[in-house]
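Undergrad: Here you go, entry_30.txt (compact mmCIF, C-alpha atoms):
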```txt
# COMPACT_ATOMS: atom_id res chain seq x y z
CA MET A 1 0.00 0.00 0.00
CA TRP A 2 1.45 3.35 -0.84
CA CYS A 3 0.44 6.91 -0.72
CA LEU A 4 1.58 9.65 -3.05
CA LEU A 5 0.08 13.06 -2.94
CA LEU A 6 0.59 15.64 -5.61
CA VAL A 7 1.63 18.84 -3.84
CA SER A 8 2.49 20.94 -6.81
CA LYS A 9 3.15 20.15 -10.41
CA ASP A 10 6.83 19.79 -9.53
CA LYS A 11 6.68 17.88 -6.28
CA LYS A 12 5.10 14.78 -4.86
CA LEU A 13 4.71 13.79 -1.21
CA ILE A 14 5.67 10.24 -0.39
CA ALA A 15 4.68 8.31 2.71
CA VAL A 16 7.68 7.13 4.69
CA PRO A 17 7.82 5.24 8.03
CA GLY A 18 8.52 7.70 10.84
CA ASP A 19 11.71 5.97 12.03
CA LEU A 20 13.23 6.05 8.55
CA LEU A 21 12.35 9.69 8.08
CA GLU A 22 14.18 10.65 11.26
CA LYS A 23 17.28 8.87 9.98
CA ILE A 24 16.97 10.57 6.58
CA TYR A 25 16.82 13.95 8.31
CA ALA A 26 19.89 13.10 10.38
CA VAL A 27 21.95 11.89 7.43
CA SER A 28 20.94 14.75 5.14
CA ALA A 29 21.83 17.26 7.88
CA LYS A 30 25.23 15.61 8.28
CA GLU A 31 25.83 15.95 4.55
CA GLY A 32 24.68 19.55 4.61
CA LYS A 33 21.72 18.88 2.31
CA THR A 34 18.00 19.47 2.66
CA PRO A 35 15.88 16.32 2.99
CA PHE A 36 14.25 17.21 -0.35
CA LEU A 37 17.60 17.31 -2.13
CA TYR A 38 18.79 14.19 -0.37
CA ILE A 39 15.74 12.05 -1.16
CA ASN A 40 15.96 13.10 -4.81
CA GLU A 41 19.59 12.02 -4.89
CA ILE A 42 18.68 8.67 -3.38
CA PHE A 43 16.02 8.11 -6.03
CA GLU A 44 18.42 9.13 -8.78
CA GLN A 45 21.06 6.68 -7.59
CA ALA A 46 18.49 3.87 -7.35
CA LEU A 47 17.50 4.63 -10.95
CA ARG A 48 21.14 4.74 -12.05
CA ALA A 49 21.76 1.36 -10.47
CA HIS A 50 18.76 0.00 -12.34
CA ASP A 51 20.10 1.44 -15.62
CA MET A 52 23.28 -0.54 -14.96
CA GLY A 53 21.18 -3.66 -14.69
CA LYS A 54 21.59 -3.98 -10.93
CA SER A 55 19.58 -3.34 -7.81
CA LEU A 56 20.89 -0.72 -5.40
CA ARG A 57 21.66 -3.53 -2.97
CA GLN A 58 23.82 -5.25 -5.57
CA VAL A 59 25.68 -2.03 -6.35
CA ILE A 60 26.29 -1.33 -2.68
CA ASP A 61 27.49 -4.91 -2.05
CA ALA A 62 29.82 -4.71 -5.05
CA TYR A 63 31.17 -1.37 -3.85
CA ILE A 64 31.85 -2.73 -0.37
CA MET A 65 33.70 -5.65 -1.97
CA ILE A 66 35.76 -3.21 -4.06
CA GLU A 67 36.74 -1.32 -0.91
CA THR A 68 37.60 -4.61 0.79
CA VAL A 69 39.97 -5.77 -1.94
CA LYS A 70 41.48 -2.30 -2.20
CA ASN A 71 42.25 -2.37 1.51
CA ALA A 72 43.80 -5.82 1.07
CA GLY A 73 46.53 -4.28 -1.10
CA SER A 74 45.16 -5.16 -4.53
CA THR A 75 45.69 -3.10 -7.63
CA ILE A 76 43.88 -2.71 -10.94
CA ILE A 77 45.96 -3.51 -13.98
CA SER A 78 45.24 -4.05 -17.63
CA SER A 79 45.08 -7.78 -18.32
CA GLU A 80 47.05 -7.16 -21.50
CA SER A 81 49.83 -5.52 -19.47
CA LEU A 82 49.90 -8.33 -16.95
CA HIS A 83 50.04 -10.98 -19.67
CA ALA A 84 52.90 -9.08 -21.34
CA ILE A 85 54.91 -8.90 -18.10
CA ILE A 86 54.37 -12.54 -17.21
CA GLN A 87 55.24 -13.84 -20.64
CA LYS A 88 58.59 -12.03 -20.57
CA ILE A 89 59.78 -13.60 -17.34
CA TYR A 90 57.82 -16.77 -16.72
CA GLU A 91 60.06 -19.25 -18.48
CA ASN A 92 63.12 -18.28 -16.40
CA SER A 93 61.36 -17.95 -13.05
CA THR A 94 58.48 -20.42 -13.13
CA ASP A 95 59.00 -22.13 -9.78
CA GLU A 96 59.84 -18.91 -7.99
CA LEU A 97 56.75 -17.17 -9.36
CA LYS A 98 54.46 -20.08 -8.51
CA LYS A 99 55.82 -20.07 -4.96
CA LYS A 100 55.23 -16.34 -4.64
CA TRP A 101 51.67 -16.60 -5.94
CA LEU A 102 50.99 -19.55 -3.62
CA GLU A 103 52.23 -17.54 -0.62
CA THR A 104 50.23 -14.48 -1.61
CA GLY A 105 47.14 -16.65 -2.06
CA GLY A 106 47.74 -17.94 1.45
CA TRP A 107 47.78 -14.39 2.77
CA TYR A 108 44.54 -13.59 0.97
CA GLY A 109 42.97 -16.71 2.45
CA LYS A 110 43.90 -15.47 5.90
CA TYR A 111 42.55 -12.06 5.01
CA ILE A 112 39.23 -13.60 4.02
CA LEU A 113 39.05 -15.42 7.36
CA ALA A 114 39.95 -12.29 9.30
CA LYS A 115 37.50 -10.13 7.38
CA PHE A 116 34.51 -12.43 7.03
CA GLY A 117 35.07 -15.16 9.61
CA GLU A 118 34.56 -18.84 8.86
CA LEU A 119 32.66 -19.21 5.59
CA LYS A 120 29.57 -21.31 6.08
CA ASN A 121 29.33 -22.85 2.64
CA PRO A 122 31.18 -23.08 -0.69
CA GLU A 123 28.75 -20.58 -2.24
CA GLU A 124 30.09 -17.78 -0.01
CA LEU A 125 33.66 -18.48 -1.05
CA LYS A 126 32.65 -18.78 -4.70
CA ASN A 127 31.02 -15.33 -4.50
CA LEU A 128 34.19 -13.85 -3.02
CA LEU A 129 36.34 -15.44 -5.70
CA GLU A 130 33.99 -14.17 -8.43
CA ALA A 131 34.19 -10.66 -7.03
CA TYR A 132 37.98 -10.79 -7.10
CA LEU A 133 38.93 -12.84 -10.15
CA TRP A 134 37.59 -10.54 -12.87
CA ASP A 135 39.31 -12.41 -15.66
CA MET A 136 37.55 -15.68 -14.89
CA ASN A 137 34.45 -16.10 -17.03
CA GLU A 138 33.17 -18.93 -14.85
CA ILE A 139 33.91 -20.11 -11.34
CA HIS A 140 32.23 -23.18 -9.87
CA LEU A 141 32.85 -24.46 -6.36
CA VAL A 142 30.84 -27.40 -5.11
CA ARG A 143 31.06 -29.89 -2.30
CA LEU A 144 30.93 -33.52 -3.42
CA ASP A 145 31.66 -36.66 -1.40
CA GLY A 146 33.38 -34.61 1.28
CA LYS A 147 35.64 -32.85 -1.22
CA LEU A 148 35.54 -29.36 -2.67
CA LEU A 149 35.67 -29.20 -6.46
CA LEU A 150 36.85 -25.97 -7.99
CA ARG A 151 36.47 -25.22 -11.67
CA CYS A 152 37.58 -21.92 -13.27
CA ILE A 153 37.36 -21.00 -16.91
CA SER A 154 38.96 -18.03 -18.65
CA PRO A 155 39.29 -18.71 -22.40
CA HIS A 156 41.53 -15.70 -23.11
CA GLN A 157 43.99 -16.29 -20.33
CA PRO A 158 47.50 -17.40 -21.37
CA ILE A 159 48.73 -20.66 -19.85
CA GLU A 160 51.32 -18.86 -17.70
CA LEU A 161 48.68 -16.80 -15.93
CA THR A 162 46.41 -19.84 -15.61
CA GLU A 163 49.18 -21.70 -13.80
CA LEU A 164 49.92 -18.75 -11.53
CA SER A 165 46.21 -18.27 -10.79
CA ALA A 166 46.01 -21.94 -9.85
CA SER A 167 48.91 -21.45 -7.40
CA PHE A 168 47.15 -18.42 -5.95
CA LEU A 169 43.92 -20.38 -5.49
CA GLU A 170 45.78 -23.27 -3.90
CA GLY A 171 47.22 -20.79 -1.41
CA VAL A 172 43.81 -19.34 -0.64
CA MET A 173 42.30 -22.78 -0.06
CA SER A 174 45.22 -23.89 2.07
CA ALA A 175 44.72 -20.91 4.38
CA LEU A 176 41.04 -21.84 4.61
CA GLY A 177 41.95 -25.36 5.75
CA TYR A 178 41.94 -27.32 2.48
CA LYS A 179 44.67 -29.35 0.85
CA CYS A 180 44.80 -29.78 -2.92
CA ILE A 181 44.61 -33.49 -3.78
CA ARG A 182 44.26 -33.21 -7.53
CA LYS A 183 44.73 -30.55 -10.17
CA ASP A 184 44.38 -30.34 -13.90
CA ILE A 185 45.49 -27.09 -15.52
CA VAL A 186 45.46 -26.18 -19.19
CA LYS A 187 45.33 -22.81 -20.87
CA GLY A 188 42.35 -20.95 -19.44
CA VAL A 189 41.00 -23.90 -17.45
CA ILE A 190 41.65 -24.83 -13.82
CA LEU A 191 40.24 -27.99 -12.26
CA MET A 192 41.21 -28.62 -8.65
CA GLU A 193 40.02 -30.96 -5.94
CA PHE A 194 40.47 -30.17 -2.25
CA LYS A 195 39.87 -32.02 0.95
CA SER A 196 39.64 -30.61 4.43
CA ILE A 197 42.88 -30.74 6.41
CA GLU A 198 41.03 -31.40 9.70
CA MET B 1 4.37 2.50 12.97
CA SER B 2 3.77 6.19 12.34
CA ARG B 3 3.92 7.44 8.78
CA LYS B 4 5.16 10.79 7.70
CA PHE B 5 5.58 12.43 4.35
CA LEU B 6 8.62 13.43 2.38
CA ALA B 7 8.63 15.67 -0.68
CA ALA B 8 10.40 14.56 -3.85
CA ARG B 9 10.68 15.91 -7.37
CA LYS B 10 7.66 14.74 -9.35
CA ASP B 11 9.61 13.49 -12.37
CA ILE B 12 12.00 11.43 -10.24
CA ALA B 13 9.18 10.16 -8.02
CA ASP B 14 7.29 9.03 -11.15
CA GLU B 15 10.35 7.20 -12.46
CA PHE B 16 10.78 5.57 -9.08
CA ILE B 17 7.15 4.39 -9.14
CA ASN B 18 7.74 2.88 -12.60
CA LEU B 19 10.84 1.17 -11.31
CA ALA B 20 8.84 -0.41 -8.48
CA ARG B 21 6.28 -1.63 -11.02
CA LYS B 22 9.00 -3.11 -13.25
CA LYS B 23 10.43 -4.96 -10.25
CA GLY B 24 6.99 -6.19 -9.22
CA MET B 25 7.28 -4.42 -5.88
CA THR B 26 5.08 -1.91 -4.12
CA VAL B 27 6.47 1.60 -4.03
CA THR B 28 6.57 1.44 -0.24
CA LYS B 29 8.63 -1.75 -0.26
CA LEU B 30 11.13 -0.43 -2.80
CA LEU B 31 11.33 2.89 -1.00
CA ASN B 32 11.94 1.25 2.35
CA GLU B 33 14.57 -1.04 0.86
CA THR B 34 16.31 1.87 -0.87
CA LEU B 35 16.30 4.08 2.20
CA ARG B 36 17.49 1.34 4.53
CA ASN B 37 20.34 0.40 2.16
CA THR B 38 21.37 4.05 1.99
CA ILE B 39 21.33 4.50 5.74
CA ALA B 40 23.31 1.28 6.26
CA LEU B 41 25.94 2.59 3.87
CA GLU B 42 26.12 5.96 5.60
CA LYS B 43 26.58 4.20 8.96
CA ASN B 44 29.82 2.77 7.54
CA GLY B 45 31.02 6.23 6.60
CA LEU B 46 30.23 5.76 2.91
CA THR B 47 27.90 7.82 0.76
CA LEU B 48 25.46 6.46 -1.78
CA ASN B 49 26.65 8.86 -4.50
CA LYS B 50 30.23 7.72 -4.05
CA ALA B 51 29.24 4.05 -4.00
CA VAL B 52 27.29 4.25 -7.25
CA ASP B 53 29.86 6.51 -8.97
CA GLU B 54 32.79 4.31 -8.05
CA TYR B 55 30.93 1.16 -8.96
CA LEU B 56 30.29 2.56 -12.45
CA ILE B 57 33.95 3.51 -12.89
CA ILE B 58 35.24 0.14 -11.71
CA LYS B 59 32.69 -1.67 -13.86
CA THR B 60 33.92 0.32 -16.87
CA ALA B 61 37.51 -0.64 -16.07
CA GLN B 62 36.49 -4.29 -15.77
CA GLU B 63 34.66 -4.18 -19.09
CA SER B 64 37.72 -2.53 -20.63
CA GLY B 65 39.89 -5.53 -19.79
CA PHE B 66 41.33 -4.50 -16.44
CA ILE B 67 41.70 -7.07 -13.67
CA LEU B 68 42.51 -7.16 -9.97
CA VAL B 69 45.85 -8.50 -8.79
CA PRO B 70 47.64 -8.29 -5.44
CA ALA B 71 49.97 -5.31 -5.85
CA GLU B 72 52.94 -7.17 -4.41
CA LEU B 73 52.66 -9.79 -7.13
CA VAL B 74 52.91 -7.08 -9.79
CA TYR B 75 55.93 -5.58 -8.03
CA SER B 76 57.66 -8.94 -7.83
CA LEU B 77 57.01 -9.58 -11.54
CA LEU B 78 58.47 -6.20 -12.46
CA ASP B 79 61.51 -6.82 -10.27
CA LYS B 80 62.31 -9.96 -12.23
CA ALA B 81 62.10 -8.32 -15.65
CA THR B 82 65.29 -7.45 -17.57
CA PRO B 83 65.93 -3.77 -18.39
CA LYS B 84 64.96 -4.42 -22.02
CA ALA B 85 61.74 -6.13 -20.94
CA ILE B 86 60.98 -3.23 -18.59
CA GLU B 87 61.20 -0.73 -21.44
CA GLU B 88 58.80 -2.83 -23.49
CA ILE B 89 56.45 -3.06 -20.52
CA MET B 90 56.57 0.71 -20.00
CA ASP B 91 55.70 1.24 -23.68
CA ASN B 92 52.85 -1.21 -23.29
CA TRP B 93 51.52 0.77 -20.31
CA ARG B 94 51.73 3.99 -22.25
CA ASN B 95 49.72 2.42 -25.08
CA ILE B 96 47.13 1.10 -22.64
CA GLY B 97 46.90 4.62 -21.21
CA LYS B 98 46.25 6.01 -24.71
CA TRP B 99 43.56 3.48 -25.35
CA CYS B 100 41.96 4.21 -21.98
CA GLY B 101 41.99 7.90 -22.74
CA LYS B 102 40.00 7.31 -25.92
CA CYS B 103 37.66 4.88 -24.20
CA PHE B 104 36.94 6.99 -21.13
CA SER B 105 36.64 10.29 -22.98
CA THR B 106 34.11 8.68 -25.32
CA ARG B 107 32.14 7.12 -22.51
CA PHE B 108 32.18 9.79 -19.84
CA THR B 109 33.45 13.27 -20.60
CA ASN B 110 36.20 14.86 -22.61
CA ASN B 111 37.15 17.29 -19.85
CA PRO B 112 40.72 16.26 -18.93
CA HIS B 113 40.51 17.56 -15.38
CA ASP B 114 37.34 15.61 -14.63
CA LEU B 115 38.59 12.49 -16.39
CA LEU B 116 41.68 12.49 -14.24
CA LYS B 117 40.14 13.44 -10.91
CA ILE B 118 36.95 11.43 -11.12
CA TYR B 119 37.81 8.45 -13.26
CA ILE B 120 41.54 7.79 -13.37
CA ALA B 121 42.02 8.58 -9.68
CA ASN B 122 39.56 5.75 -8.97
CA ILE B 123 41.35 3.09 -10.98
CA ILE B 124 44.90 3.82 -9.91
CA TRP B 125 44.94 2.34 -6.43
CA GLY B 126 47.61 2.74 -3.83
CA LEU B 127 47.81 6.51 -4.06
CA SER B 128 47.35 8.66 -1.00
CA ASP B 129 47.30 11.82 -3.11
CA PHE B 130 46.23 12.48 -6.69
CA ILE B 131 46.37 16.18 -7.41
CA VAL B 132 45.37 17.74 -10.72
CA GLU B 133 45.83 21.45 -11.32
CA GLY B 134 44.91 23.47 -14.38
CA ASN B 135 42.45 22.55 -17.08
CA GLY B 136 43.20 24.16 -20.37
CA GLU B 137 46.51 24.93 -21.95
CA SER B 138 48.50 23.30 -19.18
CA ILE B 139 47.83 20.69 -16.55
CA SER B 140 50.02 19.50 -13.73
CA ILE B 141 49.53 16.13 -12.09
CA ARG B 142 51.08 15.02 -8.81
CA CYS B 143 50.67 11.55 -7.35
CA ILE B 144 51.95 10.11 -4.10
CA GLY B 145 51.82 6.45 -3.18
CA SER B 146 54.41 5.51 -0.59
CA SER B 147 53.78 1.77 -0.94
CA LEU B 148 54.44 1.72 -4.71
CA ASN B 149 57.76 0.35 -5.89
CA GLU B 150 59.99 2.24 -8.32
CA LYS B 151 59.11 0.33 -11.48
CA TYR B 152 55.41 0.37 -10.77
CA THR B 153 55.57 4.11 -10.15
CA ARG B 154 57.17 4.49 -13.60
CA GLY B 155 54.47 2.28 -15.07
CA ILE B 156 51.72 4.49 -13.66
CA ALA B 157 53.50 7.59 -14.93
CA ASN B 158 53.66 6.05 -18.41
CA PHE B 159 49.99 5.11 -18.24
CA ILE B 160 49.03 8.69 -17.30
CA GLU B 161 51.26 10.14 -20.02
CA GLY B 162 49.66 7.88 -22.61
CA PHE B 163 46.22 8.79 -21.29
CA MET B 164 46.93 12.49 -21.62
CA GLU B 165 48.46 12.04 -25.09
CA SER B 166 45.12 10.69 -26.26
CA LEU B 167 43.58 13.95 -25.01
CA ASP B 168 46.17 15.94 -26.99
CA TYR B 169 48.50 16.80 -24.13
CA LYS B 170 52.26 16.39 -24.30
CA CYS B 171 54.44 15.95 -21.26
CA ILE B 172 56.91 18.83 -21.02
CA ARG B 173 58.37 18.01 -17.64
CA LYS B 174 58.41 14.95 -15.44
CA ASP B 175 59.90 13.93 -12.15
CA ILE B 176 59.44 10.30 -11.11
CA VAL B 177 60.89 8.58 -8.09
CA LYS B 178 59.65 5.63 -6.08
CA GLY B 179 56.09 6.44 -5.01
CA ILE B 180 56.05 9.99 -6.38
CA ILE B 181 55.03 11.26 -9.80
CA SER B 182 55.07 14.85 -10.93
CA LEU B 183 54.07 15.65 -14.51
CA LYS B 184 53.58 18.91 -16.30
CA LEU B 185 51.69 18.73 -19.58
CA ARG B 186 50.74 21.19 -22.25
CA ARG B 187 48.02 21.00 -24.86
CA THR B 188 49.42 20.35 -28.34
```
Let me see whether you can do it: turn the structure in this file into structure tokens.
TA:
Amino acid sequence: MWCLLLVSKDKKLIAVPGDLLEKIYAVSAKEGKTPFLYINEIFEQALRAHDMGKSLRQVIDAYIMIETVKNAGSTIISSESLHAIIQKIYENSTDELKKKWLETGGWYGKYILAKFGELKNPEELKNLLEAYLWDMNEIHLVRLDGKLLLRCISPHQPIELTELSASFLEGVMSALGYKCIRKDIVKGVILMEFKSIE
Amino acid sequence: MSRKFLAARKDIADEFINLARKKGMTVTKLLNETLRNTIALEKNGLTLNKAVDEYLIIKTAQESGFILVPAELVYSLLDKATPKAIEEIMDNWRNIGKWCGKCFSTRFTNNPHDLLKIYIANIIWGLSDFIVEGNGESISIRCIGSSLNEKYTRGIANFIEGFMESLDYKCIRKDIVKGIISLKLRRT
């Protein structure tokens, strides 16, 4: 049930629960805006989010995730640039690079635990990985027969980056209490099986 | 629960009503959801405008082929590269910057000052300061990021130079050390 009253040809009155209105007044005052200006801004942003094909909730959640990974010491880089760098040095430093990516993955796994606590199900971890691994077209993480099966697909990824990404993921899973018992890595495709260390 | 009334612009309120209809929600439900989300964000010291703006910028970067990587992994890769490879990488970053300049100026605005301050500042992470002065014949850009390593700092400087070249600015003076970039550019 809703109630809109036409006040003038330019304005409409909208019914709002009293408790929410108080909060709107407080926030708009803090931002130095009138409630009228502030509510219009809120509506505009909700409409913008919709134009991007998302709900406001989804945009806010994505933004919070962006801030989280930023604070974890991540950077944004062109995938083309990263591929170019890796391809110049990979052949001569393969083991060293894999070790570094494994260790860094381990740190990120610990960061996930510290930030979000114990993850209750594979879906939560899958969502975090999807939010972080932009170059992966598909990520699947399911529990089967007591094991966790991870599948990542990125058709345009060179084999060197696929191998390093797999090391990174192994590090993340290790920090979360899982040991890799099987892996199959080809260009753009990662298949890994994990079992709980406990 | 008591109800009170809030005034909104008619055109925006009408669009909001249509949005509720499209989502199959009542206006009250969508309004409550929207307001509660906004207030929750503000409680964490974040503003809705900033959240939506930054989301759009990051989404554009993602769609343009940018990815997230732990910064220390990039630094360690650069440290292993030979001097010849580094020069090639720096050229690559300059070219990516040029491409980005074309892409972002087509999508958002062709005002260099705004492009730098609003868009580029949001995709170059790790900077504590990103200062842009001037907006016409000459522009000066100063960046500070104390956690950046020397090669990565150079890479960012090359990216920005390439970006500005696409907007018809040439670098006439530069000073780059680990974590600090100072560029002066003039319109060609």
Undergrad: Which polymer residues have any atom within 8 Å of an atom of A:Lys187, counting all atoms listed in the file, with same-chain residues fewer than 2 positions away left out, as an NGL selection string?
TA: :A and (155 or 157-160 or 162 or 185 or 189)
Undergrad: With a cut-off of 8 Å and counting all atoms listed in the file, select all residues of chain B in contact with chain A and give the selection as a PyMOL selection string.
TA: chain B and resi 1-13+15-16+19+26-28+31-32+34-39+41-42+48-49+51-52+54-55+62+65-74+77-78+80-81+85+89+92-93+96+123-126
Undergrad: In Å to one decimal, how far is atom CA of B:Gly179 from atom CA of B:Val132?
TA: 16.6 Å
Undergrad: Provide the atom CA of B:Asp129 to atom CA of B:Asn95 distance in Å, to one decimal place.
TA: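 Separating atom CA of B:Asp129 from atom CA of B:Asn95 is a distance of 24.0 Å.
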Undergrad: Excluding same-chain residues fewer than 5 positions from A:Ile153, what lies within 7 Å of it counting all atoms listed in the file, as a list in words?
TA: Met136, Asn137, Glu138, Ile139, Gly188, Val189 and Ile190 of chain A
Undergrad: Taking all atoms listed in the file into account, name the residue in A:Leu176, A:Ile197, A:Leu164, A:Leu102 that is nearest to A:Lys120.
TA: A:Leu176
Undergrad: Could you please determine the separation between atom CA of B:Pro112 and atom CA of A:Gly32 in Å, to one decimal place?
TA: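 Between these atoms lies a distance of 28.7 Å.
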Undergrad: Would you pick out the contacts of B:Gly97 at 12 Å or less, using only C-alpha atoms, so that residues sharing its chain but fewer than 2 positions from it are not included, and give the list as a ChimeraX atom specification?
TA: /A:77-78,80-81 /B:61,64,66,90-95,99-105,116,120,123-124,155-167
Undergrad: Any chance you could work out the axis-aligned box around stretch 61-73 of chain A, listed atoms only, 5 Å on each side, giving centre and edge lengths in Å to one decimal, as lines of an AutoDock Vina configuration file?
TA:
```
center_x = 37.0
center_y = -3.6
center_z = -1.8
size_x = 29.0
size_y = 14.5
size_z = 16.6
```
Undergrad: Which polymer residues have any atom within 9 Å of an atom of A:Leu141, counting all atoms listed in the file, with same-chain residues fewer than 3 positions away left out, as a list in words?
TA: Pro122, Glu123, Leu125, Lys126, Leu148, Leu149, Leu150, Arg151 and Cys152 of chain A
